[in-house]
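This is data.txt. It holds compact mmCIF, N, CA and C atoms.
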# COMPACT_ATOMS: atom_id res chain seq x y z
N THR P 1 -2.63 -11.69 -1.52
CA THR P 1 -3.84 -11.23 -0.87
C THR P 1 -3.60 -10.80 0.58
N LYS P 2 -2.42 -11.09 1.11
CA LYS P 2 -2.08 -10.72 2.47
C LYS P 2 -1.06 -9.60 2.43
N PHE P 3 -1.17 -8.68 3.39
CA PHE P 3 -0.18 -7.61 3.46
C PHE P 3 -0.11 -7.03 4.86
N ARG P 4 0.97 -6.32 5.09
CA ARG P 4 1.17 -5.59 6.34
C ARG P 4 1.86 -4.29 5.97
N ILE P 5 1.29 -3.17 6.44
CA ILE P 5 1.88 -1.85 6.20
C ILE P 5 2.08 -1.20 7.56
N ASP P 6 3.30 -0.78 7.82
CA ASP P 6 3.61 -0.05 9.05
C ASP P 6 3.98 1.37 8.65
N ALA P 7 3.10 2.31 8.96
CA ALA P 7 3.34 3.71 8.61
C ALA P 7 3.45 4.55 9.88
N GLY P 8 4.03 3.96 10.92
CA GLY P 8 4.22 4.69 12.16
C GLY P 8 2.96 4.70 13.01
N ALA P 9 2.22 5.80 12.98
CA ALA P 9 1.02 5.94 13.82
C ALA P 9 -0.11 5.03 13.36
N ILE P 10 -0.09 4.63 12.09
CA ILE P 10 -1.13 3.75 11.54
C ILE P 10 -0.46 2.49 11.01
N GLU P 11 -1.10 1.38 11.28
CA GLU P 11 -0.60 0.09 10.81
C GLU P 11 -1.77 -0.66 10.20
N LEU P 12 -1.57 -1.30 9.07
CA LEU P 12 -2.61 -2.12 8.46
C LEU P 12 -2.12 -3.56 8.40
N VAL P 13 -2.98 -4.47 8.80
CA VAL P 13 -2.68 -5.89 8.77
C VAL P 13 -3.83 -6.58 8.06
N CYS P 14 -3.52 -7.39 7.07
CA CYS P 14 -4.57 -8.09 6.32
C CYS P 14 -4.20 -9.56 6.20
N ASP P 15 -5.13 -10.42 6.59
CA ASP P 15 -4.91 -11.87 6.52
C ASP P 15 -5.49 -12.48 5.24
N GLY P 16 -5.91 -11.62 4.30
CA GLY P 16 -6.50 -12.10 3.05
C GLY P 16 -8.00 -11.98 3.03
N ARG P 17 -8.62 -11.94 4.22
CA ARG P 17 -10.08 -11.80 4.32
C ARG P 17 -10.48 -10.56 5.11
N THR P 18 -9.70 -10.25 6.14
CA THR P 18 -10.04 -9.16 7.05
C THR P 18 -8.88 -8.17 7.13
N VAL P 19 -9.22 -6.87 7.15
CA VAL P 19 -8.22 -5.81 7.28
C VAL P 19 -8.37 -5.19 8.66
N TYR P 20 -7.25 -5.05 9.36
CA TYR P 20 -7.21 -4.42 10.67
C TYR P 20 -6.42 -3.13 10.53
N GLU P 21 -7.08 -1.99 10.71
CA GLU P 21 -6.40 -0.70 10.65
C GLU P 21 -6.16 -0.26 12.09
N ILE P 22 -4.92 -0.29 12.51
CA ILE P 22 -4.54 0.01 13.88
C ILE P 22 -4.06 1.45 13.95
N ASP P 23 -4.80 2.27 14.66
CA ASP P 23 -4.45 3.68 14.84
C ASP P 23 -3.87 3.82 16.24
N HIS P 24 -2.53 3.88 16.30
CA HIS P 24 -1.86 3.91 17.60
C HIS P 24 -2.10 5.21 18.36
N SER P 25 -2.26 6.33 17.65
CA SER P 25 -2.47 7.61 18.34
C SER P 25 -3.86 7.68 18.98
N ALA P 26 -4.87 7.08 18.35
CA ALA P 26 -6.23 7.09 18.89
C ALA P 26 -6.52 5.84 19.73
N LYS P 27 -5.59 4.88 19.71
CA LYS P 27 -5.77 3.60 20.40
C LYS P 27 -7.06 2.92 19.96
N GLU P 28 -7.21 2.82 18.62
CA GLU P 28 -8.37 2.19 18.02
C GLU P 28 -7.93 1.19 16.95
N VAL P 29 -8.75 0.17 16.76
CA VAL P 29 -8.55 -0.79 15.69
C VAL P 29 -9.86 -0.90 14.93
N ALA P 30 -9.85 -0.51 13.65
CA ALA P 30 -11.03 -0.66 12.79
C ALA P 30 -10.89 -1.98 12.04
N VAL P 31 -11.90 -2.82 12.15
CA VAL P 31 -11.89 -4.14 11.52
C VAL P 31 -12.90 -4.14 10.38
N ASP P 32 -12.47 -4.57 9.20
CA ASP P 32 -13.37 -4.58 8.05
C ASP P 32 -13.02 -5.74 7.14
N ASN P 33 -13.95 -6.11 6.27
CA ASN P 33 -13.68 -7.11 5.25
C ASN P 33 -12.74 -6.51 4.22
N VAL P 34 -12.00 -7.35 3.52
CA VAL P 34 -11.13 -6.86 2.46
C VAL P 34 -11.99 -6.21 1.41
N GLY P 35 -11.64 -4.98 1.05
CA GLY P 35 -12.39 -4.25 0.05
C GLY P 35 -11.88 -4.57 -1.34
N TYR P 36 -12.68 -4.28 -2.31
CA TYR P 36 -12.26 -4.50 -3.68
C TYR P 36 -11.83 -3.22 -4.35
N ASP P 37 -11.80 -2.12 -3.56
CA ASP P 37 -11.29 -0.88 -4.12
C ASP P 37 -9.79 -1.04 -4.31
N ALA P 38 -9.27 -0.43 -5.32
CA ALA P 38 -7.86 -0.63 -5.65
C ALA P 38 -7.06 0.62 -5.30
N THR P 39 -6.70 0.74 -4.05
CA THR P 39 -5.82 1.82 -3.66
C THR P 39 -4.59 1.21 -3.00
N ILE P 40 -3.51 1.87 -3.15
CA ILE P 40 -2.26 1.35 -2.59
C ILE P 40 -2.33 1.30 -1.07
N TRP P 41 -3.16 2.16 -0.49
CA TRP P 41 -3.22 2.23 0.97
C TRP P 41 -4.18 1.19 1.54
N THR P 42 -5.39 1.07 1.00
CA THR P 42 -6.38 0.17 1.58
C THR P 42 -6.27 -1.26 1.08
N ASN P 43 -5.66 -1.47 -0.06
CA ASN P 43 -5.51 -2.83 -0.57
C ASN P 43 -4.37 -2.89 -1.58
N PRO P 44 -3.13 -2.84 -1.10
CA PRO P 44 -1.99 -2.81 -2.03
C PRO P 44 -1.89 -4.05 -2.91
N ALA P 45 -2.45 -5.16 -2.46
CA ALA P 45 -2.42 -6.37 -3.27
C ALA P 45 -3.20 -6.20 -4.57
N LYS P 46 -4.21 -5.33 -4.58
CA LYS P 46 -5.02 -5.10 -5.77
C LYS P 46 -4.70 -3.80 -6.49
N ALA P 47 -3.82 -2.99 -5.90
CA ALA P 47 -3.58 -1.66 -6.43
C ALA P 47 -3.08 -1.66 -7.87
N PHE P 48 -2.21 -2.58 -8.22
CA PHE P 48 -1.63 -2.55 -9.56
C PHE P 48 -2.55 -3.16 -10.61
N SER P 49 -3.59 -3.87 -10.21
CA SER P 49 -4.49 -4.49 -11.18
C SER P 49 -5.41 -3.48 -11.85
N MET P 50 -5.51 -2.27 -11.29
CA MET P 50 -6.43 -1.29 -11.85
C MET P 50 -5.74 -0.26 -12.73
N LEU P 51 -4.44 -0.35 -12.90
CA LEU P 51 -3.71 0.70 -13.59
C LEU P 51 -4.15 0.89 -15.04
N ASP P 52 -4.29 -0.19 -15.79
CA ASP P 52 -4.65 -0.05 -17.21
C ASP P 52 -6.05 0.50 -17.40
N SER P 53 -6.98 0.10 -16.57
CA SER P 53 -8.37 0.51 -16.77
C SER P 53 -8.68 1.91 -16.26
N ARG P 54 -7.98 2.36 -15.24
CA ARG P 54 -8.33 3.64 -14.62
C ARG P 54 -7.36 4.78 -14.90
N PHE P 55 -6.19 4.47 -15.49
CA PHE P 55 -5.17 5.51 -15.65
C PHE P 55 -4.59 5.57 -17.05
N ASP P 56 -4.20 6.78 -17.44
CA ASP P 56 -3.38 6.98 -18.64
C ASP P 56 -1.92 7.02 -18.16
N HIS P 57 -1.02 6.36 -18.90
CA HIS P 57 0.37 6.23 -18.50
C HIS P 57 1.26 7.20 -19.27
N ARG P 58 2.33 7.65 -18.60
CA ARG P 58 3.29 8.51 -19.28
C ARG P 58 4.67 8.32 -18.66
N LEU P 59 5.65 7.92 -19.47
CA LEU P 59 7.03 7.78 -19.01
C LEU P 59 7.65 9.17 -19.01
N MET P 60 8.08 9.61 -17.84
CA MET P 60 8.63 10.96 -17.68
C MET P 60 10.14 11.01 -17.90
N GLY P 61 10.79 9.86 -17.95
CA GLY P 61 12.24 9.82 -18.11
C GLY P 61 12.91 9.30 -16.87
N LYS P 62 14.20 9.62 -16.74
CA LYS P 62 14.98 9.15 -15.60
C LYS P 62 15.05 10.21 -14.52
N THR P 63 15.14 9.74 -13.28
CA THR P 63 15.32 10.60 -12.12
C THR P 63 16.19 9.84 -11.12
N THR P 64 16.51 10.45 -10.01
CA THR P 64 17.28 9.77 -8.96
C THR P 64 16.62 9.99 -7.61
N ASP P 65 16.84 9.04 -6.72
CA ASP P 65 16.40 9.15 -5.33
C ASP P 65 17.46 8.48 -4.48
N ASN P 66 18.06 9.24 -3.58
CA ASN P 66 19.16 8.73 -2.75
C ASN P 66 20.27 8.11 -3.59
N GLY P 67 20.56 8.72 -4.73
CA GLY P 67 21.63 8.25 -5.60
C GLY P 67 21.27 7.08 -6.48
N LYS P 68 20.05 6.58 -6.39
CA LYS P 68 19.60 5.43 -7.20
C LYS P 68 18.98 5.94 -8.49
N SER P 69 19.37 5.36 -9.60
CA SER P 69 18.84 5.73 -10.92
C SER P 69 17.48 5.06 -11.11
N LEU P 70 16.48 5.88 -11.46
CA LEU P 70 15.10 5.40 -11.54
C LEU P 70 14.39 5.93 -12.78
N TYR P 71 13.44 5.13 -13.28
CA TYR P 71 12.50 5.61 -14.29
C TYR P 71 11.30 6.16 -13.54
N GLU P 72 10.75 7.28 -14.01
CA GLU P 72 9.55 7.85 -13.40
C GLU P 72 8.38 7.66 -14.35
N VAL P 73 7.36 6.98 -13.87
CA VAL P 73 6.14 6.76 -14.64
C VAL P 73 5.01 7.48 -13.92
N ARG P 74 4.32 8.36 -14.64
CA ARG P 74 3.18 9.10 -14.05
C ARG P 74 1.90 8.55 -14.66
N LEU P 75 0.93 8.38 -13.81
CA LEU P 75 -0.38 7.91 -14.24
C LEU P 75 -1.41 8.92 -13.77
N SER P 76 -2.31 9.28 -14.65
CA SER P 76 -3.37 10.23 -14.33
C SER P 76 -4.71 9.54 -14.51
N GLY P 77 -5.64 9.80 -13.59
CA GLY P 77 -6.96 9.20 -13.66
C GLY P 77 -7.69 9.60 -14.93
N LYS P 78 -8.27 8.62 -15.61
CA LYS P 78 -9.00 8.88 -16.85
C LYS P 78 -10.28 9.67 -16.63
N ASP P 79 -10.84 9.60 -15.42
CA ASP P 79 -12.09 10.32 -15.16
C ASP P 79 -11.87 11.73 -14.61
N ASN P 80 -10.62 12.23 -14.68
CA ASN P 80 -10.28 13.60 -14.30
C ASN P 80 -10.72 13.99 -12.89
N ASP P 81 -10.61 13.06 -11.95
CA ASP P 81 -10.98 13.37 -10.57
C ASP P 81 -9.77 13.82 -9.73
N GLY P 82 -8.65 14.05 -10.39
CA GLY P 82 -7.46 14.51 -9.70
C GLY P 82 -6.61 13.39 -9.13
N GLU P 83 -7.05 12.16 -9.31
CA GLU P 83 -6.33 11.01 -8.81
C GLU P 83 -5.03 10.84 -9.59
N SER P 84 -3.94 10.59 -8.88
CA SER P 84 -2.67 10.41 -9.58
C SER P 84 -1.85 9.30 -8.92
N PHE P 85 -0.91 8.81 -9.68
CA PHE P 85 -0.08 7.70 -9.24
C PHE P 85 1.28 7.92 -9.88
N VAL P 86 2.32 7.98 -9.08
CA VAL P 86 3.68 8.09 -9.60
C VAL P 86 4.44 6.87 -9.14
N MET P 87 5.05 6.17 -10.09
CA MET P 87 5.82 4.99 -9.77
C MET P 87 7.27 5.23 -10.19
N LEU P 88 8.18 4.99 -9.27
CA LEU P 88 9.61 5.05 -9.58
C LEU P 88 10.10 3.62 -9.69
N ILE P 89 10.76 3.32 -10.81
CA ILE P 89 11.20 1.96 -11.10
C ILE P 89 12.72 1.95 -11.20
N ASP P 90 13.34 1.03 -10.48
CA ASP P 90 14.79 0.88 -10.49
C ASP P 90 15.26 0.54 -11.90
N THR P 91 16.18 1.34 -12.45
CA THR P 91 16.63 1.12 -13.84
C THR P 91 17.46 -0.15 -13.97
N THR P 92 18.03 -0.65 -12.88
CA THR P 92 18.85 -1.86 -12.94
C THR P 92 18.00 -3.12 -12.85
N THR P 93 17.10 -3.17 -11.86
CA THR P 93 16.30 -4.39 -11.64
C THR P 93 14.95 -4.36 -12.34
N LEU P 94 14.50 -3.15 -12.74
CA LEU P 94 13.18 -2.92 -13.34
C LEU P 94 12.03 -3.30 -12.40
N LEU P 95 12.29 -3.23 -11.09
CA LEU P 95 11.27 -3.47 -10.09
C LEU P 95 10.83 -2.15 -9.48
N PRO P 96 9.59 -2.06 -9.00
CA PRO P 96 9.15 -0.83 -8.35
C PRO P 96 10.03 -0.49 -7.15
N TYR P 97 10.34 0.78 -7.01
CA TYR P 97 11.19 1.27 -5.93
C TYR P 97 10.37 2.12 -4.95
N LYS P 98 9.49 2.95 -5.49
CA LYS P 98 8.69 3.84 -4.66
C LYS P 98 7.41 4.19 -5.42
N VAL P 99 6.30 4.28 -4.71
CA VAL P 99 5.05 4.68 -5.33
C VAL P 99 4.39 5.76 -4.48
N THR P 100 3.75 6.70 -5.17
CA THR P 100 2.98 7.74 -4.51
C THR P 100 1.60 7.74 -5.15
N TYR P 101 0.57 7.69 -4.32
CA TYR P 101 -0.80 7.54 -4.80
C TYR P 101 -1.71 8.47 -4.03
N GLY P 102 -2.67 9.09 -4.70
CA GLY P 102 -3.62 9.90 -3.97
C GLY P 102 -4.37 10.87 -4.84
N THR P 103 -5.15 11.73 -4.16
CA THR P 103 -5.93 12.76 -4.81
C THR P 103 -5.64 14.08 -4.12
N GLY P 104 -5.34 15.11 -4.91
CA GLY P 104 -5.08 16.44 -4.34
C GLY P 104 -3.95 16.42 -3.34
N GLU P 105 -4.22 16.94 -2.15
CA GLU P 105 -3.21 17.01 -1.10
C GLU P 105 -3.09 15.70 -0.32
N GLN P 106 -4.05 14.81 -0.47
CA GLN P 106 -4.03 13.56 0.27
C GLN P 106 -3.30 12.49 -0.53
N LYS P 107 -2.03 12.33 -0.24
CA LYS P 107 -1.20 11.36 -0.96
C LYS P 107 -0.48 10.47 0.03
N VAL P 108 -0.27 9.26 -0.38
CA VAL P 108 0.49 8.29 0.39
C VAL P 108 1.69 7.91 -0.43
N SER P 109 2.86 7.93 0.19
CA SER P 109 4.09 7.55 -0.49
C SER P 109 4.66 6.32 0.20
N LEU P 110 4.93 5.28 -0.56
CA LEU P 110 5.48 4.05 -0.01
C LEU P 110 6.78 3.70 -0.71
N ARG P 111 7.80 3.47 0.07
CA ARG P 111 9.06 2.99 -0.50
C ARG P 111 9.05 1.48 -0.35
N ILE P 112 9.30 0.80 -1.45
CA ILE P 112 9.27 -0.67 -1.44
C ILE P 112 10.65 -1.15 -1.02
N VAL P 113 10.69 -1.78 0.11
CA VAL P 113 11.96 -2.22 0.68
C VAL P 113 12.37 -3.58 0.12
N ARG P 114 11.39 -4.46 -0.04
CA ARG P 114 11.72 -5.81 -0.48
C ARG P 114 10.55 -6.40 -1.25
N ILE P 115 10.86 -7.06 -2.33
CA ILE P 115 9.86 -7.83 -3.08
C ILE P 115 10.40 -9.25 -3.11
N SER P 116 9.61 -10.18 -2.60
CA SER P 116 10.05 -11.57 -2.61
C SER P 116 8.89 -12.45 -3.06
N SER P 117 9.20 -13.43 -3.88
CA SER P 117 8.14 -14.28 -4.39
C SER P 117 8.34 -15.75 -4.04
N ASP P 118 9.55 -16.20 -3.95
CA ASP P 118 9.81 -17.61 -3.69
C ASP P 118 10.27 -17.85 -2.26
N LYS P 119 9.89 -16.95 -1.38
CA LYS P 119 10.34 -17.02 -0.01
C LYS P 119 9.17 -17.35 0.90
N THR P 120 9.40 -18.21 1.88
CA THR P 120 8.37 -18.51 2.86
C THR P 120 8.35 -17.38 3.88
N ILE P 121 7.18 -16.82 4.08
CA ILE P 121 7.03 -15.73 5.03
C ILE P 121 6.19 -16.25 6.20
N GLU P 122 6.63 -15.93 7.39
CA GLU P 122 5.94 -16.37 8.60
C GLU P 122 4.47 -15.92 8.57
N PRO P 123 3.51 -16.84 8.60
CA PRO P 123 2.09 -16.48 8.55
C PRO P 123 1.66 -15.51 9.65
N SER P 124 2.32 -15.57 10.80
CA SER P 124 1.93 -14.70 11.92
C SER P 124 2.14 -13.22 11.59
N LEU P 125 2.94 -12.91 10.58
CA LEU P 125 3.15 -11.53 10.17
C LEU P 125 1.85 -10.88 9.72
N PHE P 126 0.91 -11.68 9.23
CA PHE P 126 -0.34 -11.17 8.68
C PHE P 126 -1.53 -11.38 9.63
N GLU P 127 -1.24 -11.67 10.89
CA GLU P 127 -2.29 -11.88 11.88
C GLU P 127 -2.38 -10.68 12.81
N PHE P 128 -3.59 -10.33 13.19
CA PHE P 128 -3.80 -9.29 14.20
C PHE P 128 -3.97 -9.98 15.54
N ARG P 129 -3.21 -9.52 16.51
CA ARG P 129 -3.30 -10.09 17.85
C ARG P 129 -3.87 -9.04 18.80
N SER P 130 -5.13 -9.22 19.19
CA SER P 130 -5.76 -8.25 20.09
C SER P 130 -5.07 -8.20 21.44
N ALA P 131 -4.46 -9.28 21.87
CA ALA P 131 -3.76 -9.31 23.16
C ALA P 131 -2.59 -8.33 23.19
N ALA P 132 -2.06 -7.99 22.02
CA ALA P 132 -0.95 -7.03 21.95
C ALA P 132 -1.44 -5.59 22.09
N HIS P 133 -2.76 -5.40 22.05
CA HIS P 133 -3.36 -4.07 22.13
C HIS P 133 -4.52 -4.09 23.14
N PRO P 134 -4.25 -4.42 24.40
CA PRO P 134 -5.34 -4.62 25.37
C PRO P 134 -6.16 -3.37 25.68
N ASP P 135 -5.57 -2.18 25.54
CA ASP P 135 -6.29 -0.95 25.88
C ASP P 135 -6.81 -0.22 24.64
N TYR P 136 -6.85 -0.90 23.48
CA TYR P 136 -7.36 -0.30 22.24
C TYR P 136 -8.83 -0.63 22.07
N GLU P 137 -9.59 0.34 21.56
CA GLU P 137 -11.00 0.09 21.24
C GLU P 137 -11.08 -0.62 19.90
N ILE P 138 -11.83 -1.70 19.83
CA ILE P 138 -12.02 -2.46 18.60
C ILE P 138 -13.35 -2.02 17.98
N ILE P 139 -13.29 -1.53 16.74
CA ILE P 139 -14.49 -1.10 16.03
C ILE P 139 -14.69 -2.04 14.84
N ASP P 140 -15.69 -2.89 14.95
CA ASP P 140 -15.93 -3.90 13.91
C ASP P 140 -16.91 -3.34 12.89
N LEU P 141 -16.42 -3.10 11.67
CA LEU P 141 -17.23 -2.51 10.59
C LEU P 141 -17.75 -3.56 9.60
N ARG P 142 -17.53 -4.82 9.89
CA ARG P 142 -17.97 -5.87 8.97
C ARG P 142 -19.46 -6.05 8.99

Take the structure in the file and give it back as structure tokens.
Amino acid sequence: TKFRIDAGAIELVCDGRTVYEIDHSAKEVAVDNVGYDATIWTNPAKAFSMLDSRFDHRLMGKTTDNGKSLYEVRLSGKDNDGESFVMLIDTTTLLPYKVTYGTGEQKVSLRIVRISSDKTIEPSLFEFRSAAHPDYEIIDLR
């Protein structure tokens, strides 16, 4: 339920209840409750739970990325709204390697660097510290 995404100019931090979208170029922080929408960008913890209900699946075969052998799985939205999801899965570990999600020209691509389940992660990684952004405008949407 907790996540942190660093996409350069935009950073998302979620403590499980609240999402902080930090826009470094605009010097703004939008604060909102965790949404139940299942998108890889706004709530990656819930993104994979909606795949069976909202998408038709199709295995496209093998591909490569940076010399890594991958399976390509394409998912298309069942309601024909143009929504798509492409998942590249490592053929050796069978773990997700890269995902691309979006509608039309608006797509987000995330490369999964590490998946860990039995590891203790520092809780502060999922905390927003306003003191680290003293000149940012805080917009509370809750």

Open item on the list: Set the distance at 9 Å and use only C-alpha atoms: which residues neighbour segment 26-34 of chain P once local chain neighbours fewer than 4 positions away are removed? I'd like the list as number ranges by chain.
Closed with: P: 9, 14-22, 42-43, 133, 135-142

Open item on the list: To test your reading of the structure, identify every residue in chain P that backbone DSSP assigns to strand (DSSP E or B), and report it as JSON, numbers by chain.
Closed with: {"P": [3, 4, 5, 6, 10, 11, 12, 13, 14, 18, 19, 20, 21, 22, 23, 28, 29, 30, 31, 32, 33, 55, 56, 57, 58, 59, 60, 61, 62, 63, 64, 65, 68, 69, 70, 71, 72, 73, 74, 75, 76, 77, 83, 84, 85, 86, 87, 88, 89, 90, 96, 97, 98, 99, 100, 101, 102, 103, 106, 107, 108, 109, 110, 111, 137, 138, 139, 140]}

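Atom to atom, atom CA of Asp23 of chain P and atom N of Asp6 of chain P stand 11.4 Å apart.
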
TODO: Can you pull out every residue within 7 Å of Leu59 of chain P, counting only C-alpha atoms, but drop anything in the same chain fewer than 2 positions away, and send it as a VMD selection string?
DONE: chain P and resid 57 61 72 to 74

Using only the atoms of segment 10-29 of chain P listed in the file, plus 8 Å on each side, state the axis-aligned box centre and edge lengths in Å rounded to one decimal, as JSON.
{"center_x": -5.3, "center_y": -2.4, "center_z": 11.7, "size_x": 26.4, "size_y": 36.2, "size_z": 33.4}

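Secondary structure from DSSP on the backbone puts alpha helix (DSSP H) at the following positions of chain P: Pro44, Ala45, Lys46, Ala47, Leu51, Asp52, Ser53 and Arg54 of chain P.
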
Complete segment 60-69 of chain P at the level of all heavy atoms, written as a PDB file, in the frame of the given file.
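And here is the file that came out, out29.pdb:
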ATOM      1  N   MET P  60       8.080   9.610 -17.840  1.00  0.00           N
ATOM      2  CA  MET P  60       8.630  10.960 -17.680  1.00  0.00           C
ATOM      3  C   MET P  60      10.140  11.010 -17.900  1.00  0.00           C
ATOM      4  O   MET P  60      10.707  12.081 -18.004  1.00  0.00           O
ATOM      5  CB  MET P  60       8.297  11.500 -16.285  1.00  0.00           C
ATOM      6  CG  MET P  60       6.809  11.531 -15.990  1.00  0.00           C
ATOM      7  SD  MET P  60       5.847  12.494 -17.168  1.00  0.00           S
ATOM      8  CE  MET P  60       6.411  14.139 -16.792  1.00  0.00           C
ATOM      9  N   GLY P  61      10.790   9.860 -17.950  1.00  0.00           N
ATOM     10  CA  GLY P  61      12.240   9.820 -18.110  1.00  0.00           C
ATOM     11  C   GLY P  61      12.910   9.300 -16.870  1.00  0.00           C
ATOM     12  O   GLY P  61      12.306   8.655 -16.031  1.00  0.00           O
ATOM     13  N   LYS P  62      14.200   9.620 -16.740  1.00  0.00           N
ATOM     14  CA  LYS P  62      14.980   9.150 -15.600  1.00  0.00           C
ATOM     15  C   LYS P  62      15.050  10.210 -14.520  1.00  0.00           C
ATOM     16  O   LYS P  62      15.021  11.409 -14.790  1.00  0.00           O
ATOM     17  CB  LYS P  62      16.389   8.777 -16.028  1.00  0.00           C
ATOM     18  CG  LYS P  62      16.479   7.478 -16.789  1.00  0.00           C
ATOM     19  CD  LYS P  62      17.933   7.101 -17.025  1.00  0.00           C
ATOM     20  CE  LYS P  62      18.031   5.786 -17.760  1.00  0.00           C
ATOM     21  NZ  LYS P  62      19.435   5.423 -18.001  1.00  0.00           N
ATOM     22  N   THR P  63      15.140   9.740 -13.280  1.00  0.00           N
ATOM     23  CA  THR P  63      15.320  10.600 -12.120  1.00  0.00           C
ATOM     24  C   THR P  63      16.190   9.840 -11.120  1.00  0.00           C
ATOM     25  O   THR P  63      16.598   8.706 -11.390  1.00  0.00           O
ATOM     26  CB  THR P  63      13.953  10.990 -11.506  1.00  0.00           C
ATOM     27  OG1 THR P  63      14.166  11.967 -10.493  1.00  0.00           O
ATOM     28  CG2 THR P  63      13.210   9.795 -10.946  1.00  0.00           C
ATOM     29  N   THR P  64      16.510  10.450 -10.010  1.00  0.00           N
ATOM     30  CA  THR P  64      17.280   9.770  -8.960  1.00  0.00           C
ATOM     31  C   THR P  64      16.620   9.990  -7.610  1.00  0.00           C
ATOM     32  O   THR P  64      15.922  10.965  -7.392  1.00  0.00           O
ATOM     33  CB  THR P  64      18.742  10.270  -8.887  1.00  0.00           C
ATOM     34  OG1 THR P  64      18.730  11.668  -8.608  1.00  0.00           O
ATOM     35  CG2 THR P  64      19.488   9.991 -10.168  1.00  0.00           C
ATOM     36  N   ASP P  65      16.840   9.040  -6.720  1.00  0.00           N
ATOM     37  CA  ASP P  65      16.400   9.150  -5.330  1.00  0.00           C
ATOM     38  C   ASP P  65      17.460   8.480  -4.480  1.00  0.00           C
ATOM     39  O   ASP P  65      17.773   7.297  -4.693  1.00  0.00           O
ATOM     40  CB  ASP P  65      15.044   8.459  -5.143  1.00  0.00           C
ATOM     41  CG  ASP P  65      14.470   8.672  -3.745  1.00  0.00           C
ATOM     42  OD1 ASP P  65      14.588   9.800  -3.222  1.00  0.00           O
ATOM     43  OD2 ASP P  65      13.917   7.709  -3.176  1.00  0.00           O
ATOM     44  N   ASN P  66      18.060   9.240  -3.580  1.00  0.00           N
ATOM     45  CA  ASN P  66      19.160   8.730  -2.750  1.00  0.00           C
ATOM     46  C   ASN P  66      20.270   8.110  -3.590  1.00  0.00           C
ATOM     47  O   ASN P  66      20.813   7.062  -3.253  1.00  0.00           O
ATOM     48  CB  ASN P  66      18.642   7.716  -1.719  1.00  0.00           C
ATOM     49  CG  ASN P  66      17.785   8.357  -0.664  1.00  0.00           C
ATOM     50  OD1 ASN P  66      18.037   9.492  -0.250  1.00  0.00           O
ATOM     51  ND2 ASN P  66      16.754   7.660  -0.232  1.00  0.00           N
ATOM     52  N   GLY P  67      20.560   8.720  -4.730  1.00  0.00           N
ATOM     53  CA  GLY P  67      21.630   8.250  -5.600  1.00  0.00           C
ATOM     54  C   GLY P  67      21.270   7.080  -6.480  1.00  0.00           C
ATOM     55  O   GLY P  67      22.085   6.605  -7.266  1.00  0.00           O
ATOM     56  N   LYS P  68      20.050   6.580  -6.390  1.00  0.00           N
ATOM     57  CA  LYS P  68      19.600   5.430  -7.200  1.00  0.00           C
ATOM     58  C   LYS P  68      18.980   5.940  -8.490  1.00  0.00           C
ATOM     59  O   LYS P  68      18.154   6.850  -8.475  1.00  0.00           O
ATOM     60  CB  LYS P  68      18.586   4.619  -6.406  1.00  0.00           C
ATOM     61  CG  LYS P  68      18.160   3.329  -7.111  1.00  0.00           C
ATOM     62  CD  LYS P  68      17.289   2.484  -6.229  1.00  0.00           C
ATOM     63  CE  LYS P  68      18.059   1.655  -5.261  1.00  0.00           C
ATOM     64  NZ  LYS P  68      18.887   0.611  -5.795  1.00  0.00           N
ATOM     65  N   SER P  69      19.370   5.360  -9.600  1.00  0.00           N
ATOM     66  CA  SER P  69      18.840   5.730 -10.920  1.00  0.00           C
ATOM     67  C   SER P  69      17.480   5.060 -11.110  1.00  0.00           C
ATOM     68  O   SER P  69      17.341   3.847 -10.964  1.00  0.00           O
ATOM     69  CB  SER P  69      19.814   5.293 -12.011  1.00  0.00           C
ATOM     70  OG  SER P  69      19.281   5.613 -13.273  1.00  0.00           O
TER      71      SER P  69
END
